[in-house]
Amino acid sequence: MHERAGVGPVGGKVNQTWAKVGQGKLELVRGPIPTPGPDEAVVRTTLTTVCGSDLHFLHDYPMPRSADHLLMGHEGLGVVEALGDHVRGFAEGDRVVASCVFGCGHCTNCLAGHLHTCLTLGRIPGVSNALMGCQGGYFVVPYASVNLARVPDTVSDEQALLVPDILSTGFAAAERGGVGTGDSVAVFAQGPVGLGATGAARALGAGLVIAVEGIPERAEMARALGANVVIGPENAAERVRELTGGRGVDVAIEALGRQETFAAALEATRLDGTVSSVGIYATHRSLDVPVGLGFYQRRIVTTLCPGGGDRLRRLFAVAEHGSADWPRLLTHRLPLSRADEAYELFAARRDGVIKIALVPDDDWNDS
Ligand SMILES: [Zn+2]
Ligand SMILES: [Zn+2]
């Protein structure tokens, strides 16, 4: 266990957080409960989870040069513990979630409602303004007035936990692809975000929704979220073409972050159709865009995880009133003290795992 230099327990409470301490190395670090800066909120975690992006941060991205550890976790639900003087619209004790990719609230992109493409903070999009530290007892939310959202009483903890990334990113993939009434949609890979996109395509009024997935439990979940057909990854583009009378789909969503799925998505898209790429290509330095007949007169759009209070409020409404049973994605539940096991299980895609709810142990914050 790492003790952070120069700090000790405060008032019998500490902040224990899972952190990357080296390439692929996850350990607990301990420090004091953070004190919020003027624009920040400190949130006590009540529920969190592991994400595919966490695996990329842990294994694929380099350590930050300025620190010996990187606090992990960007999807968290909790209770406001303390607020900076400038934070408006929230009170201590509020049940909240935070944007996974946060914005300053003041730049032109933020003012347009696109906090995830903040021009002030997002120099490395989605990385330099990624929320960090949710896999711990307390986490800090920058620019909290615009990046936090209060969870309505009618929305469960499990529904709320899935809002800031799985629903936001999944819906963004479908929205950016321009999925409209009756569109045919193919979603390549049914991990949590792919499943989010499948459910989003259905909710946005798609016609035929084709899910591409080889793991039986994920295929079943895709059907439960509104996929009409599930096909395996082998020759998927060809199968999609067959299923759409040879034309290809109106929108193909890439939700894995691999060269093969990107190429297959492009090939499966009809003339004048759109490829919406949402997977994180963390292990790739570049993408090869095949320029066969499936290339010309297509649109390619890419997507990050939109944040901001307004976005989150809208998605709470989707979680509450939409027809999908989103908490089904939380297939496993473990105490936060076993997050290392959760990482392993999630990475291995074993035991039908889709999302793992991590609950802080009763004594997690005791020193
Ligand atoms: Zn995530
Ligand atoms: Zn901004």
# chains A, B, ... in the order shown; residues from 1 in each chain; ligands from 1
$ residues_near_ligand --ligand "ligand 2" --cutoff "7 Å" --atoms "only C-alpha atoms and all ligand atoms" --output "PDB file with all heavy atoms, in the first residue's frame"
ATOM      1  N   GLY A 103     -15.944  19.613 -18.491  1.00  0.00           N
ATOM      2  CA  GLY A 103     -15.590  20.851 -19.178  1.00  0.00           C
ATOM      3  C   GLY A 103     -15.502  22.004 -18.214  1.00  0.00           C
ATOM      4  O   GLY A 103     -15.899  21.889 -17.052  1.00  0.00           O
ATOM      5  N   CYS A 104     -14.971  23.130 -18.719  1.00  0.00           N
ATOM      6  CA  CYS A 104     -14.787  24.313 -17.864  1.00  0.00           C
ATOM      7  C   CYS A 104     -16.077  25.095 -17.692  1.00  0.00           C
ATOM      8  O   CYS A 104     -16.229  25.852 -16.741  1.00  0.00           O
ATOM      9  CB  CYS A 104     -13.700  25.213 -18.456  1.00  0.00           C
ATOM     10  SG  CYS A 104     -14.230  26.112 -19.949  1.00  0.00           S
ATOM     11  N   GLY A 105     -16.992  24.918 -18.646  1.00  0.00           N
ATOM     12  CA  GLY A 105     -18.252  25.642 -18.567  1.00  0.00           C
ATOM     13  C   GLY A 105     -18.218  27.028 -19.179  1.00  0.00           C
ATOM     14  O   GLY A 105     -19.256  27.675 -19.300  1.00  0.00           O
ATOM     15  N   HIS A 106     -17.024  27.498 -19.596  1.00  0.00           N
ATOM     16  CA  HIS A 106     -16.910  28.889 -20.064  1.00  0.00           C
ATOM     17  C   HIS A 106     -16.486  29.032 -21.522  1.00  0.00           C
ATOM     18  O   HIS A 106     -16.728  30.059 -22.133  1.00  0.00           O
ATOM     19  CB  HIS A 106     -15.877  29.656 -19.217  1.00  0.00           C
ATOM     20  CG  HIS A 106     -16.172  29.619 -17.761  1.00  0.00           C
ATOM     21  ND1 HIS A 106     -17.303  30.171 -17.225  1.00  0.00           N
ATOM     22  CD2 HIS A 106     -15.495  29.065 -16.722  1.00  0.00           C
ATOM     23  CE1 HIS A 106     -17.316  29.970 -15.915  1.00  0.00           C
ATOM     24  NE2 HIS A 106     -16.231  29.292 -15.590  1.00  0.00           N
ATOM     25  N   CYS A 107     -15.787  28.060 -22.073  1.00  0.00           N
ATOM     26  CA  CYS A 107     -15.263  28.209 -23.436  1.00  0.00           C
ATOM     27  C   CYS A 107     -16.412  28.058 -24.449  1.00  0.00           C
ATOM     28  O   CYS A 107     -17.520  27.680 -24.079  1.00  0.00           O
ATOM     29  CB  CYS A 107     -14.159  27.182 -23.703  1.00  0.00           C
ATOM     30  SG  CYS A 107     -14.772  25.495 -23.874  1.00  0.00           S
ATOM     31  N   THR A 108     -16.117  28.329 -25.720  1.00  0.00           N
ATOM     32  CA  THR A 108     -17.220  28.323 -26.687  1.00  0.00           C
ATOM     33  C   THR A 108     -17.836  26.935 -26.842  1.00  0.00           C
ATOM     34  O   THR A 108     -19.051  26.811 -26.980  1.00  0.00           O
ATOM     35  CB  THR A 108     -16.754  28.845 -28.071  1.00  0.00           C
ATOM     36  OG1 THR A 108     -15.570  28.149 -28.446  1.00  0.00           O
ATOM     37  CG2 THR A 108     -16.479  30.333 -28.040  1.00  0.00           C
ATOM     38  N   ASN A 109     -17.032  25.875 -26.823  1.00  0.00           N
ATOM     39  CA  ASN A 109     -17.618  24.532 -26.932  1.00  0.00           C
ATOM     40  C   ASN A 109     -18.484  24.210 -25.718  1.00  0.00           C
ATOM     41  O   ASN A 109     -19.561  23.637 -25.855  1.00  0.00           O
ATOM     42  CB  ASN A 109     -16.519  23.473 -27.085  1.00  0.00           C
ATOM     43  CG  ASN A 109     -15.993  23.382 -28.502  1.00  0.00           C
ATOM     44  OD1 ASN A 109     -16.357  24.200 -29.347  1.00  0.00           O
ATOM     45  ND2 ASN A 109     -15.147  22.407 -28.766  1.00  0.00           N
ATOM     46  N   CYS A 110     -17.997  24.560 -24.529  1.00  0.00           N
ATOM     47  CA  CYS A 110     -18.794  24.314 -23.319  1.00  0.00           C
ATOM     48  C   CYS A 110     -20.101  25.101 -23.373  1.00  0.00           C
ATOM     49  O   CYS A 110     -21.165  24.578 -23.042  1.00  0.00           O
ATOM     50  CB  CYS A 110     -18.017  24.686 -22.060  1.00  0.00           C
ATOM     51  SG  CYS A 110     -16.822  23.432 -21.557  1.00  0.00           S
ATOM     52  N   LEU A 115     -19.514  19.937 -23.352  1.00  0.00           N
ATOM     53  CA  LEU A 115     -18.482  20.033 -22.315  1.00  0.00           C
ATOM     54  C   LEU A 115     -17.345  19.040 -22.533  1.00  0.00           C
ATOM     55  O   LEU A 115     -16.204  19.298 -22.134  1.00  0.00           O
ATOM     56  CB  LEU A 115     -19.104  19.821 -20.927  1.00  0.00           C
ATOM     57  CG  LEU A 115     -19.729  21.092 -20.340  1.00  0.00           C
ATOM     58  CD1 LEU A 115     -21.149  21.290 -20.831  1.00  0.00           C
ATOM     59  CD2 LEU A 115     -19.689  21.069 -18.832  1.00  0.00           C
ATOM     60  N   CYS A 118     -14.354  20.416 -24.389  1.00  0.00           N
ATOM     61  CA  CYS A 118     -13.882  21.666 -23.795  1.00  0.00           C
ATOM     62  C   CYS A 118     -12.549  22.093 -24.414  1.00  0.00           C
ATOM     63  O   CYS A 118     -11.610  21.302 -24.511  1.00  0.00           O
ATOM     64  CB  CYS A 118     -13.715  21.471 -22.285  1.00  0.00           C
ATOM     65  SG  CYS A 118     -13.089  22.933 -21.454  1.00  0.00           S
ATOM     66  N   LEU A 119     -12.487  23.344 -24.825  1.00  0.00           N
ATOM     67  CA  LEU A 119     -11.275  23.853 -25.475  1.00  0.00           C
ATOM     68  C   LEU A 119     -10.210  24.246 -24.461  1.00  0.00           C
ATOM     69  O   LEU A 119      -9.026  24.330 -24.778  1.00  0.00           O
ATOM     70  CB  LEU A 119     -11.634  25.069 -26.337  1.00  0.00           C
ATOM     71  CG  LEU A 119     -12.603  24.770 -27.486  1.00  0.00           C
ATOM     72  CD1 LEU A 119     -13.112  26.065 -28.099  1.00  0.00           C
ATOM     73  CD2 LEU A 119     -11.940  23.897 -28.533  1.00  0.00           C
ATOM     74  N   THR A 120     -10.624  24.495 -23.235  1.00  0.00           N
ATOM     75  CA  THR A 120      -9.677  24.912 -22.208  1.00  0.00           C
ATOM     76  C   THR A 120      -8.963  23.716 -21.597  1.00  0.00           C
ATOM     77  O   THR A 120      -7.760  23.762 -21.332  1.00  0.00           O
ATOM     78  CB  THR A 120     -10.432  25.649 -21.072  1.00  0.00           C
ATOM     79  OG1 THR A 120     -11.368  26.540 -21.658  1.00  0.00           O
ATOM     80  CG2 THR A 120      -9.488  26.406 -20.184  1.00  0.00           C
ATOM     81  N   LEU A 121      -9.707  22.647 -21.364  1.00  0.00           N
ATOM     82  CA  LEU A 121      -9.158  21.513 -20.614  1.00  0.00           C
ATOM     83  C   LEU A 121      -8.816  20.317 -21.493  1.00  0.00           C
ATOM     84  O   LEU A 121      -7.945  19.534 -21.152  1.00  0.00           O
ATOM     85  CB  LEU A 121     -10.180  21.049 -19.568  1.00  0.00           C
ATOM     86  CG  LEU A 121     -10.739  22.127 -18.646  1.00  0.00           C
ATOM     87  CD1 LEU A 121     -11.920  21.585 -17.859  1.00  0.00           C
ATOM     88  CD2 LEU A 121      -9.656  22.600 -17.694  1.00  0.00           C
TER      89      LEU A 121
END
$ residues_near_ligand --ligand "ligand 1" --cutoff "9 Å" --atoms "only C-alpha atoms and all ligand atoms" --output "list in words"
Thr49, Val50, Cys51, Gly52, Ser53, Asp54, Gly73, His74, Glu75, Cys100, Pro164, Asp165, Ile166, Thr169, Pro192, Val193 and Cys305 of chain A
$ closest_residue --among "A:His56, A:Asp288, A:Leu131, A:Val151" --to "Asp94 (chain A)" --atoms "only C-alpha atoms"
A:Val151
$ closest_residue --among "A:Ala172, A:Val79, A:Val87, A:Ala112" --to "Pro306 (chain A)" --atoms "only C-alpha atoms"
A:Ala172
$ residues_around --residues "region 15-18 of chain A" --least-positions-apart "3" --cutoff "10 Å" --atoms "only C-alpha atoms" --output "PDB file with N, CA and C atoms, in the first residue's frame"
ATOM      1  N   MET A   1       0.829  -1.204   0.000  1.00  0.00           N
ATOM      2  CA  MET A   1       0.000   0.000   0.000  1.00  0.00           C
ATOM      3  C   MET A   1       0.867   1.259   0.000  1.00  0.00           C
ATOM      4  N   HIS A   2       0.487   2.228  -0.804  1.00  0.00           N
ATOM      5  CA  HIS A   2       1.208   3.498  -0.872  1.00  0.00           C
ATOM      6  C   HIS A   2       0.580   4.492   0.093  1.00  0.00           C
ATOM      7  N   GLU A   3       1.391   5.142   0.901  1.00  0.00           N
ATOM      8  CA  GLU A   3       0.902   6.286   1.680  1.00  0.00           C
ATOM      9  C   GLU A   3       1.312   7.514   0.907  1.00  0.00           C
ATOM     10  N   GLY A   8      -1.761  12.255   6.471  1.00  0.00           N
ATOM     11  CA  GLY A   8      -2.227  11.160   7.304  1.00  0.00           C
ATOM     12  C   GLY A   8      -3.730  11.235   7.436  1.00  0.00           C
ATOM     13  N   PRO A   9      -4.299  10.363   8.232  1.00  0.00           N
ATOM     14  CA  PRO A   9      -5.744  10.368   8.385  1.00  0.00           C
ATOM     15  C   PRO A   9      -6.264  11.674   8.991  1.00  0.00           C
ATOM     16  N   VAL A  10      -7.435  12.083   8.563  1.00  0.00           N
ATOM     17  CA  VAL A  10      -8.058  13.303   9.090  1.00  0.00           C
ATOM     18  C   VAL A  10      -9.375  12.902   9.748  1.00  0.00           C
ATOM     19  N   VAL A  21      -0.062   2.393 -10.307  1.00  0.00           N
ATOM     20  CA  VAL A  21       1.228   2.812  -9.742  1.00  0.00           C
ATOM     21  C   VAL A  21       2.385   2.430 -10.658  1.00  0.00           C
ATOM     22  N   LEU A  26      -1.998  -2.156 -10.352  1.00  0.00           N
ATOM     23  CA  LEU A  26      -3.078  -1.510  -9.617  1.00  0.00           C
ATOM     24  C   LEU A  26      -2.847  -1.712  -8.130  1.00  0.00           C
ATOM     25  N   GLU A  27      -2.867  -0.612  -7.361  1.00  0.00           N
ATOM     26  CA  GLU A  27      -2.699  -0.726  -5.910  1.00  0.00           C
ATOM     27  C   GLU A  27      -3.566   0.307  -5.224  1.00  0.00           C
ATOM     28  N   LEU A  28      -3.746   0.117  -3.923  1.00  0.00           N
ATOM     29  CA  LEU A  28      -4.481   1.118  -3.154  1.00  0.00           C
ATOM     30  C   LEU A  28      -3.542   2.235  -2.730  1.00  0.00           C
ATOM     31  N   VAL A  29      -3.972   3.472  -2.866  1.00  0.00           N
ATOM     32  CA  VAL A  29      -3.219   4.583  -2.276  1.00  0.00           C
ATOM     33  C   VAL A  29      -4.115   5.246  -1.231  1.00  0.00           C
ATOM     34  N   ARG A  30      -3.483   5.755  -0.193  1.00  0.00           N
ATOM     35  CA  ARG A  30      -4.240   6.390   0.893  1.00  0.00           C
ATOM     36  C   ARG A  30      -3.826   7.840   1.025  1.00  0.00           C
ATOM     37  N   GLY A  31      -4.779   8.679   1.307  1.00  0.00           N
ATOM     38  CA  GLY A  31      -4.502  10.093   1.538  1.00  0.00           C
ATOM     39  C   GLY A  31      -5.631  10.671   2.358  1.00  0.00           C
ATOM     40  N   PRO A  32      -5.555  11.969   2.610  1.00  0.00           N
ATOM     41  CA  PRO A  32      -6.645  12.588   3.367  1.00  0.00           C
ATOM     42  C   PRO A  32      -7.876  12.756   2.481  1.00  0.00           C
ATOM     43  N   ILE A  33      -9.005  12.994   3.108  1.00  0.00           N
ATOM     44  CA  ILE A  33     -10.200  13.333   2.334  1.00  0.00           C
ATOM     45  C   ILE A  33      -9.909  14.653   1.637  1.00  0.00           C
ATOM     46  N   PRO A  34     -10.103  14.733   0.315  1.00  0.00           N
ATOM     47  CA  PRO A  34      -9.734  15.965  -0.386  1.00  0.00           C
ATOM     48  C   PRO A  34     -10.560  17.159   0.092  1.00  0.00           C
ATOM     49  N   ARG A  44     -18.533  11.696  -1.821  1.00  0.00           N
ATOM     50  CA  ARG A  44     -18.255  10.399  -1.172  1.00  0.00           C
ATOM     51  C   ARG A  44     -18.913   9.312  -2.011  1.00  0.00           C
ATOM     52  N   HIS A  69       1.471   8.081  -9.300  1.00  0.00           N
ATOM     53  CA  HIS A  69       0.291   7.221  -9.398  1.00  0.00           C
ATOM     54  C   HIS A  69      -0.826   7.978 -10.114  1.00  0.00           C
ATOM     55  N   LEU A  70      -1.782   7.216 -10.593  1.00  0.00           N
ATOM     56  CA  LEU A  70      -2.927   7.779 -11.294  1.00  0.00           C
ATOM     57  C   LEU A  70      -4.181   7.197 -10.652  1.00  0.00           C
ATOM     58  N   LEU A  71      -4.992   8.059 -10.034  1.00  0.00           N
ATOM     59  CA  LEU A  71      -6.212   7.573  -9.382  1.00  0.00           C
ATOM     60  C   LEU A  71      -7.151   7.024 -10.453  1.00  0.00           C
ATOM     61  N   MET A  72      -7.792   5.908 -10.159  1.00  0.00           N
ATOM     62  CA  MET A  72      -8.598   5.231 -11.179  1.00  0.00           C
ATOM     63  C   MET A  72     -10.102   5.417 -10.946  1.00  0.00           C
ATOM     64  N   GLY A  73     -10.830   5.254 -12.027  1.00  0.00           N
ATOM     65  CA  GLY A  73     -12.298   5.247 -11.966  1.00  0.00           C
ATOM     66  C   GLY A  73     -12.904   6.570 -12.371  1.00  0.00           C
ATOM     67  N   GLY A 133     -10.607   8.916 -10.073  1.00  0.00           N
ATOM     68  CA  GLY A 133     -10.657   8.680  -8.628  1.00  0.00           C
ATOM     69  C   GLY A 133     -11.970   8.139  -8.096  1.00  0.00           C
ATOM     70  N   CYS A 134     -12.892   7.777  -9.003  1.00  0.00           N
ATOM     71  CA  CYS A 134     -14.184   7.264  -8.522  1.00  0.00           C
ATOM     72  C   CYS A 134     -14.057   5.901  -7.845  1.00  0.00           C
ATOM     73  N   GLN A 135     -12.971   5.166  -8.120  1.00  0.00           N
ATOM     74  CA  GLN A 135     -12.779   3.867  -7.457  1.00  0.00           C
ATOM     75  C   GLN A 135     -12.071   4.077  -6.117  1.00  0.00           C
ATOM     76  N   GLY A 136     -12.634   4.965  -5.343  1.00  0.00           N
ATOM     77  CA  GLY A 136     -12.090   5.279  -4.024  1.00  0.00           C
ATOM     78  C   GLY A 136     -13.204   5.780  -3.134  1.00  0.00           C
ATOM     79  N   GLY A 137     -12.843   6.156  -1.922  1.00  0.00           N
ATOM     80  CA  GLY A 137     -13.846   6.608  -0.966  1.00  0.00           C
ATOM     81  C   GLY A 137     -14.439   7.955  -1.316  1.00  0.00           C
ATOM     82  N   TYR A 138     -13.595   8.844  -1.862  1.00  0.00           N
ATOM     83  CA  TYR A 138     -14.038  10.201  -2.208  1.00  0.00           C
ATOM     84  C   TYR A 138     -13.399  10.578  -3.538  1.00  0.00           C
ATOM     85  N   PHE A 139     -14.123  11.335  -4.357  1.00  0.00           N
ATOM     86  CA  PHE A 139     -13.505  11.846  -5.581  1.00  0.00           C
ATOM     87  C   PHE A 139     -13.844  13.321  -5.764  1.00  0.00           C
ATOM     88  N   LEU A 336     -15.725  -2.846  -3.036  1.00  0.00           N
ATOM     89  CA  LEU A 336     -14.660  -2.045  -3.655  1.00  0.00           C
ATOM     90  C   LEU A 336     -13.275  -2.604  -3.314  1.00  0.00           C
ATOM     91  N   SER A 337     -13.161  -3.234  -2.134  1.00  0.00           N
ATOM     92  CA  SER A 337     -11.865  -3.812  -1.750  1.00  0.00           C
ATOM     93  C   SER A 337     -11.415  -4.903  -2.718  1.00  0.00           C
ATOM     94  N   ALA A 339     -11.724  -4.639  -6.082  1.00  0.00           N
ATOM     95  CA  ALA A 339     -11.707  -4.047  -7.422  1.00  0.00           C
ATOM     96  C   ALA A 339     -10.634  -4.691  -8.304  1.00  0.00           C
ATOM     97  N   ASP A 340      -9.523  -5.110  -7.694  1.00  0.00           N
ATOM     98  CA  ASP A 340      -8.473  -5.745  -8.516  1.00  0.00           C
ATOM     99  C   ASP A 340      -9.005  -7.002  -9.209  1.00  0.00           C
ATOM    100  N   TRP A 364     -14.627   1.190   4.594  1.00  0.00           N
ATOM    101  CA  TRP A 364     -13.700   1.650   3.550  1.00  0.00           C
ATOM    102  C   TRP A 364     -13.016   2.972   3.900  1.00  0.00           C
ATOM    103  N   ASN A 365     -13.771   3.893   4.506  1.00  0.00           N
ATOM    104  CA  ASN A 365     -13.219   5.217   4.783  1.00  0.00           C
ATOM    105  C   ASN A 365     -12.631   5.371   6.189  1.00  0.00           C
ATOM    106  N   ASP A 366     -12.648   4.271   6.962  1.00  0.00           N
ATOM    107  CA  ASP A 366     -12.083   4.365   8.319  1.00  0.00           C
ATOM    108  C   ASP A 366     -10.564   4.259   8.238  1.00  0.00           C
ATOM    109  N   SER A 367      -9.900   5.005   9.101  1.00  0.00           N
ATOM    110  CA  SER A 367      -8.430   4.980   9.055  1.00  0.00           C
ATOM    111  C   SER A 367      -7.903   3.757   9.814  1.00  0.00           C
TER     112      SER A 367
END
$ select_by_dssp --residues "region 11-159 of chain A" --states "alpha helix (DSSP H)" --output "list of chain:residue names"
A:Gly52, A:Ser53, A:Asp54, A:Leu55, A:Thr108, A:Asn109, A:Cys110, A:Leu111, A:Ala144, A:Ser145, A:Val146, A:Asn147, A:Asp157, A:Glu158, A:Gln159
$ write_last_selection --atoms "C-alpha atoms" --output "tab-separated table (two decimals), in the first residue's frame"
chain	number	residue	atom	x	y	z
A	52	GLY	CA	-13.02	-0.55	-20.70
A	53	SER	CA	-11.32	2.84	-20.53
A	54	ASP	CA	-9.92	1.91	-17.10
A	55	LEU	CA	-8.19	-1.05	-18.75
A	108	THR	CA	-17.22	28.32	-26.69
A	109	ASN	CA	-17.62	24.53	-26.93
A	110	CYS	CA	-18.79	24.31	-23.32
A	111	LEU	CA	-21.22	27.19	-23.89
A	144	ALA	CA	-18.84	21.08	-10.30
A	145	SER	CA	-21.62	23.59	-11.07
A	146	VAL	CA	-21.68	22.42	-14.69
A	147	ASN	CA	-20.35	18.86	-14.45
A	157	ASP	CA	-28.49	3.93	-7.82
A	158	GLU	CA	-27.97	1.26	-10.47
A	159	GLN	CA	-29.75	3.27	-13.17
$ residues_around --residues "Ala264 (chain A)" --least-positions-apart "5" --cutoff "12 Å" --atoms "only C-alpha atoms" --output "PDB file with C-alpha atoms, in the first residue's frame"
ATOM      1  CA  ALA A 186     -25.457  -2.420 -37.130  1.00  0.00           C
ATOM      2  CA  VAL A 187     -23.550  -2.192 -33.860  1.00  0.00           C
ATOM      3  CA  PHE A 188     -20.165  -3.900 -33.950  1.00  0.00           C
ATOM      4  CA  ALA A 189     -19.353  -5.442 -30.538  1.00  0.00           C
ATOM      5  CA  VAL A 212     -22.474  -8.098 -33.910  1.00  0.00           C
ATOM      6  CA  PRO A 233     -18.068 -11.334 -35.865  1.00  0.00           C
ATOM      7  CA  GLU A 234     -16.964 -13.636 -38.718  1.00  0.00           C
ATOM      8  CA  ASN A 235     -17.888 -12.189 -42.130  1.00  0.00           C
ATOM      9  CA  ALA A 236     -20.106  -9.742 -40.289  1.00  0.00           C
ATOM     10  CA  ALA A 237     -20.084  -7.081 -43.036  1.00  0.00           C
ATOM     11  CA  GLU A 238     -21.214  -9.645 -45.588  1.00  0.00           C
ATOM     12  CA  ARG A 239     -23.997 -10.857 -43.263  1.00  0.00           C
ATOM     13  CA  VAL A 240     -25.130  -7.280 -42.652  1.00  0.00           C
ATOM     14  CA  ARG A 241     -25.354  -6.730 -46.401  1.00  0.00           C
ATOM     15  CA  GLY A 248     -25.714  -2.153 -46.209  1.00  0.00           C
ATOM     16  CA  VAL A 249     -27.005  -0.362 -43.129  1.00  0.00           C
ATOM     17  CA  ALA A 252     -22.821   1.263 -38.594  1.00  0.00           C
ATOM     18  CA  ILE A 253     -21.468   1.810 -35.086  1.00  0.00           C
ATOM     19  CA  GLU A 254     -17.973   0.631 -34.181  1.00  0.00           C
ATOM     20  CA  ALA A 255     -17.867   0.019 -30.424  1.00  0.00           C
ATOM     21  CA  LEU A 256     -14.726  -2.030 -29.885  1.00  0.00           C
ATOM     22  CA  GLY A 257     -11.782   0.091 -30.992  1.00  0.00           C
ATOM     23  CA  ARG A 258     -10.100  -2.345 -33.387  1.00  0.00           C
ATOM     24  CA  GLN A 259      -8.945  -2.073 -36.973  1.00  0.00           C
ATOM     25  CA  THR A 269     -22.469   0.820 -44.460  1.00  0.00           C
ATOM     26  CA  VAL A 275     -19.962   5.001 -39.752  1.00  0.00           C
ATOM     27  CA  SER A 277     -16.845   5.180 -34.429  1.00  0.00           C
ATOM     28  CA  ASP A 288      -6.135   1.959 -41.879  1.00  0.00           C
ATOM     29  CA  VAL A 289      -9.185   3.155 -43.777  1.00  0.00           C
ATOM     30  CA  PRO A 290      -9.771   0.695 -46.640  1.00  0.00           C
ATOM     31  CA  GLY A 292     -12.504  -0.067 -51.641  1.00  0.00           C
ATOM     32  CA  GLY A 294     -17.273   0.600 -49.396  1.00  0.00           C
ATOM     33  CA  PHE A 295     -15.379   3.843 -48.810  1.00  0.00           C
TER      34      PHE A 295
END
